[in-house]
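Only one structure is covered here, and it is reproduced in the block below.
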There are 4 protein chains.
Amino acid sequence: MLLKGLREEVLEANLELVRRGLVLYTFGNASGVDREQGLVVIKPSGVDYDVLRPEHMVVTDLDGRIVEGELRPSSDLDTHTLLYREFEEIGAVVHTHSEFATSFAQAGMGIPAFGTTHADYFHGPVPVTKPLSDGAIEGRYVHETGLAIVERFRGLNPMAVPACLVAGHAPFVWGTTPADAAHNAVVLEAVAKMAYRTLTLRASAEEVSQALLDRHYLRKHGKNATYGQGK
Amino acid sequence: MLLKGLREEVLEANLELVRRGLVLYTFGNASGVDREQGLVVIKPSGVDYDVLRPEHMVVTDLDGRIVEGELRPSSDLDTHTLLYREFEEIGAVVHTHSEFATSFAQAGMGIPAFGTTHADYFHGPVPVTKPLSDGAIEGRYVHETGLAIVERFRGLNPMAVPACLVAGHAPFVWGTTPADAAHNAVVLEAVAKMAYRTLTLRASAEEVSQALLDRHYLRKHGKNATYGQGK
Amino acid sequence: MLLKGLREEVLEANLELVRRGLVLYTFGNASGVDREQGLVVIKPSGVDYDVLRPEHMVVTDLDGRIVEGELRPSSDLDTHTLLYREFEEIGAVVHTHSEFATSFAQAGMGIPAFGTTHADYFHGPVPVTKPLSDGAIEGRYVHETGLAIVERFRGLNPMAVPACLVAGHAPFVWGTTPADAAHNAVVLEAVAKMAYRTLTLRASAEEVSQALLDRHYLRKHGKNATYGQGK
Amino acid sequence: MLLKGLREEVLEANLELVRRGLVLYTFGNASGVDREQGLVVIKPSGVDYDVLRPEHMVVTDLDGRIVEGELRPSSDLDTHTLLYREFEEIGAVVHTHSEFATSFAQAGMGIPAFGTTHADYFHGPVPVTKPLSDGAIEGRYVHETGLAIVERFRGLNPMAVPACLVAGHAPFVWGTTPADAAHNAVVLEAVAKMAYRTLTLRASAEEVSQALLDRHYLRKHGKNATYGQGK
């Protein structure tokens, strides 16, 4: 069996999404990439989480061709593989329909950087794509979903803002490892929840300053990070 | 005892509603129909869920006449039987006062199709009936509730939109089996919750395009479905 | 020990409020009355729920004079006893700071009858008192809280609408027994939650018709009730 | 090992924040002070709560110099120590990103005193600081956060209003002991939740009168307190 360790990590990330309440039924998926071998490990489509095991994971190449696995891969596979090809530093992708982040996506709104919880993880607002055109939807829809994300990130650093809302759909989140991507998805939902309440309390609420965004983001990231117990 | 298997399925659907937090005390009911025998199995009225057993289920004909059972059937029986007579493809009906779907019903608003979570299950907005007239309320009220649903579905396909909100009351949801109807009721509540937040974030939020509605609905339904592990 | 059975019922009602999430720390209390003996059983003040036992309950007369008990009674005692003196049919009183009902009380708004969940328990809107005057607050405050409720209920039947919101404070709820009053408090919170969402979805939402209010209320109450398994 | 008892109290307060749902991952910290020895005990930075033990706590002096402990202290240490130096009566400080209180902080709004739940703990609105200047953020940021709180409390009594929201950040809460500070943080979140709903129900909602604020606050605090079982 290929990539036993990564299969376990991907399974664990999928289960973490369930434990944290981000996933109803099977509405979510996580994957990881092995950059050396150019292989992706992803959850199979529509299988109940309580029976999922490492051997159920599907292994594909970076173009989504199945390399190992009996089951059909997640129907969102083509979005995952496109993100791996375009965002070369990421090691894992998570997709959920978590309630508050999805509500922003449905409203066609990004998530403003209203506070330090946000700034600790996202070095700027979490952007939202444009709605997909009818042509894109009727064509290679799942691939086009990935293209909309890539398009939206022109000029942005995907490592500094590790999430994107797809308009009328839901969030895609990434990270260095499956555990990191799942962690970012959990924080995204918490940040979305607080942004929702901030906006419904005061529609004119303002984002934090660039100085605060820098201070908090760089406190947890980069070579000068001071949070936690170091390496 | 008639319809032992269906009794168990109906009981299980009722319990699923409780486990998923859709039912407070006894405010909900599920039923199933055996089309060949023309018999309906429904929860008894006002019995605590934790003592419910298959033999407590009440069996009636499609006109609501009791065929087997010691207990009084759910007070909503006449709505269930009318739906079975009018919507010939459905195999089960669920009624809850789940919080968010009921809030839309109380506001007299249907649930717009704001995203793909919705489109995966409901091929268009979930409609709301007109308020019942005083005459209907003072007459055969429970039957009239069913009539309001049927009236509202003129021109709509109940298999493509398996739920209706009754104005000033709460949702009725259906499906092919009791498990399927309960599943649809759980998704309806999740979709209502996200639609509530979408609308309170942005009152002018727009529904997804017909193309997206078609793409997602047909991905999970019909002979060309690509989601899950196939049949 | 006086009134052993009623002590157990009152304790159980207090615990039910905790189990249902209506009470944070010790912010709630329940009492019951024995009409024949003219005695009230009430929770002691500020004692943790997990150590409460029947013998901790305090017994007073209808004027609040302690008849039996080592502990200080709930600080809201005078409101309870006034309600027992004024509303002769009630057998128990519950007071909580449950989140949504309290939010209406804080907004100085009654809870409109937006749906059948409401109508099944409250035969009209749940009223809110006027804010207490400074004189009332500085005088016999707890007694005055009860007076504000009694004043607000002039012309209303407390058995038909078994709850009142005290402006800037929280709900008082009653019933025939401690279990019934606690049940009403749980339903009040559910109804408040849905009314909150109804109003935030549509500020102009309308109450249900008198016909619907009558139909649902009388379905569960009075000699022609048809809900449940009868007596 | 220094201050064994206080270490246990501080650990327990940190765990209470987790149990009450105020903390996601490691987004929170509690500390306590020993006034006689002039020593502070604080949680280490970024350590998972489920492995935390008393010996992991870090002991510093009132200027934040580490006196005992292998681990790096909470990154918010300088705010804690400043509060201990400036607010001489407090014995413990808690910082969380609890959802509703943080939403008010993000909106740059204090929490109005809308009801008696609030008045029982906070003798007036819970204030919010000004946003920190770029200079403050780029300088001794954590210290400046404390300064913003102290500045905001000029003319206010920190024992009468034991919490402050830091704009664009989150609440800091204090008390006489770690358990008391954690208790205040839990109540703050409950009060913030109800204030949020009060304001979204009625934007023009009014605070309670000074008379009611006095009555409730003094009922639970000071030498004439009547709530609970006394000392």
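By convention here, the chains of the structure tokens are called A, B, ... in the order presented, each chain's residues are numbered starting at 1, and ligands are numbered starting at 1 in the order presented.
Omitting segment 78-80 of chain C and its sequence neighbours fewer than 3 positions away, and counting only C-alpha atoms, the residues within 8 Å are Ser31, Asp63, Gly64, Ser75, Leu83, Tyr84, Val93, Val142, His143, Glu144, Thr145, Gly146 and Leu147 of chain C.
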Checklist entry - Gly175 of chain D: which residues within 6 Å, counting only C-alpha atoms, same-chain residues fewer than 5 positions away excluded, as an MDAnalysis selection string? => result chainID D and resid 90:92 180:181
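Proximity to chain C at a cut-off of 8 Å picks out D:Phe114, D:Gly115, D:Thr116, D:Thr117, D:Ala190, D:Lys193, D:Met194, D:Ala195, D:Arg197, D:Thr198, D:Leu199, D:Thr200, D:Leu201, D:Arg202, D:Ala205, D:Glu206, D:Glu207, D:Val208, D:Ser209, D:Ala211, D:Leu212, D:Arg215, D:Thr226, D:Tyr227, D:Gly228, D:Gln229 on chain D, counting only C-alpha atoms.
With only C-alpha atoms taken into account, the protein and nucleic acid residues at most 10 Å from Met1 of chain D (excluding it and anything under 3 positions from it in its own chain) are D:Lys4, D:Arg7, D:Pro54, D:Glu55, D:Val59, D:Glu68, D:Gly69.
For the atom pair formed by atom CA of Leu2 of chain C and atom CA of Pro171 of chain C, the distance is 28.9 Å, given to one decimal.
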